[in-house]
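What follows is one structure encoded as structure tokens, with my remarks underneath.
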Amino acid sequence: MADLFPSRDAQIGDDQGVSADQSLAARLAEAEAMQRPLRVKLGIDPTGADIHLGHSLLFRKLRAFQDAGHTAVLIIGDFTARIGDPTGKSATRVQLTVEEVEANASTYLAQLGQGQDPQRALLDFHTPGRLEVRRNSEWLAHLDLPRVIELLGISTVSQMLAKEDFAKRYGSGIPISLHEFLYPLLQGYDSVQVQADVELGGTDQKFNVAMGRDLQRHFGQRPQFGLLLPILPGLDGVQKMSKSLGNTVGLREDPLSMYSKLEKVPDAAVNDYLTLLTDLELARLPANPRERQKAMALEVTRLRHGEAAARQAQADAASLVAGAAGMGAAEADVPEASLAAVRFPAKAFYLLSAMGLCASSSEARRQIQGGGVRLDGEKLADPNREFSCASELEGKVLQLGRKIFRRLVQQI
RNA sequence: GGGUCGGUGCCCGAGUGGUUAAUGGGGGCGGACUGUAAAUCCGCUGGCUCUGCCUACGUUGGUUCAAAUCCAACCCGGCCCA
């Protein structure tokens, strides 16, 4: 099947290890010579509401192509999202409704910087000719059966079963629905429809990207160049960053929470974060692992929220920790939380659940009994402790575990 | 379509009539320690403004004083055969 650009630190213009006529460098040179920008495809499935850092390196790369004068073809997989990408899932994904997909798609675009300051935005939405946003329902929703059969004829069952996820599931007796075989084909068909020259994806997308090449060849197009980027490890430092694993940092998170999460990334993953998410040079960073974590967290937060906000987040994070250690209430900008939803008199455990800080009141009760809840630095020991009115709590800082701090206010 | 095995809490997986919110492991959360982490140790891990009351073992109905456990039908899945 396809020969793809395998390099971990692939840059535009690199051409290591790939035969000449297929190398990215050759394509770039060709584009230059013919004054024709490359069409660089990146597909995203709007299956969740938030874009996280794991996605953002793809967008950074896409932006680099844009800045080099090429056309980013951003495909919103509004149709394929309703099938569910089997990639990396050990179970069939839930299918989403049209409404959910639409809502997600619009938050995605907002997070990518639509309508924002082009300097801060992740993608260039402004320069004419640099961005094309397409929804794949545009062509997929109306595929007729003969065309579907044609697509199905391009691949084989054993090719599909060669795909790791399918093989694993098949081997362990976990169901694979037939429609899941369609996913790689449809995603590949996207490449045909937009006439992609290059497709960006994580290394886990290799199969799908390669399928795109097969389909393009079948339809008489020149196969796209696949540029596969490394997968960012999640906050656990082991598995890939993924919403379903709960190990993500969302682009929409406030600076403090972004910074606090990042400075806890396991040592082993810190260098990956630095290489994949920032332009800092490893050699110039402190060798001390703790210092390096901080530098990484600061830089990643800065890229998203700007210098001032990042510095503030770092300072706040530090003083919150100090506060937790018994140094008194922090001066920091603690996110505020409204007491509006709480009906007084309120017992302590109910307070936490009513404010949404704990998933349930039983959960809140456990947290308190476990000694994980503090009010203005003082441990709350009794889950039944009763507060009679909101003003009794106004302005106090509620701490849940070591990470969550909320300043209580009556209204937002 | 036939045969067969199976569906238990976030996941895996015990339990086969009665101290049962259901052994154990993983994961998660909290506490101690530390670098905020890892490792280690300890605790918690259905819901509810909770000294009690609800809801739970695929679904529905049945037997019983009593059911995750027995019966029936149905739904879903694996494997083998067609």
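All residue names refer to the structure tokens as shown: chains lettered A, B, ... in order, residues numbered from 1 in each chain, ligands numbered from 1 in order.
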
Polymer residues at most 8 Å from Gln221 of chain A, only C-alpha atoms (C1' of nucleotides), same-chain spacing of 4 or more positions, as a CSV table (one decimal) with N, CA and C atoms, in the first residue's frame:
chain,number,residue,atom,x,y,z
A,192,VAL,N,-10.4,12.1,-2.4
A,192,VAL,CA,-10.8,12.2,-3.8
A,192,VAL,C,-11.6,13.4,-4.1
A,195,GLN,N,-9.5,16.5,-3.8
A,195,GLN,CA,-8.3,16.4,-4.6
A,195,GLN,C,-7.1,16.9,-3.8
A,216,GLN,N,-7.7,7.5,-4.5
A,216,GLN,CA,-7.4,8.5,-5.5
A,216,GLN,C,-6.8,7.8,-6.7
A,217,ARG,N,-6.0,6.8,-6.5
A,217,ARG,CA,-5.4,6.1,-7.7
A,217,ARG,C,-6.6,5.5,-8.5

Quiz item: chain B residues within 9 Å of chain A, counting only C-alpha atoms (C1' of nucleotides): which ones, as a ChimeraX atom specification?
Solution: /B:29-31,35-38,43-45,47-50,77-79

Quiz item: Which of these residues is nearest to Leu215 of chain A, using only C-alpha atoms: A:Leu152, A:Gly250, A:Ala269, A:Arg63?
Solution: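 Nearest candidate to Leu215 of chain A out of A:Leu152, A:Gly250, A:Ala269, A:Arg63: A:Leu152.
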
Quiz item: Taking the backbone alone, and naming residues the way the document does, which bits of segment 14-151 of chain A are strand (DSSP E or B) by DSSP, as a list in words?
Solution: Arg39, Val40, Lys41, Leu42, Gly43, Ile44, His52, Thr71, Ala72, Val73, Leu74, Ile75, Ile76, Leu131, Glu132, Val133, Arg134 and Arg135 of chain A

Self-check item: atom CA of Gly201 of chain A to atom CA of Met241 of chain A, straight-line distance in Å
Solution: 14.3 Å

Self-check item: Contacts of Leu74 of chain A at 9 Å (only C-alpha atoms (C1' of nucleotides); same-chain gap of 6+ positions) as JSON, numbers by chain
Solution: {"A": [40, 41, 42, 43, 44, 131, 132, 133, 134, 135]}

Exercise. Quote the spacing between atom CA of Leu151 of chain A and atom CA of Val209 of chain A in Å to one decimal place.
Key: 15.1 Å
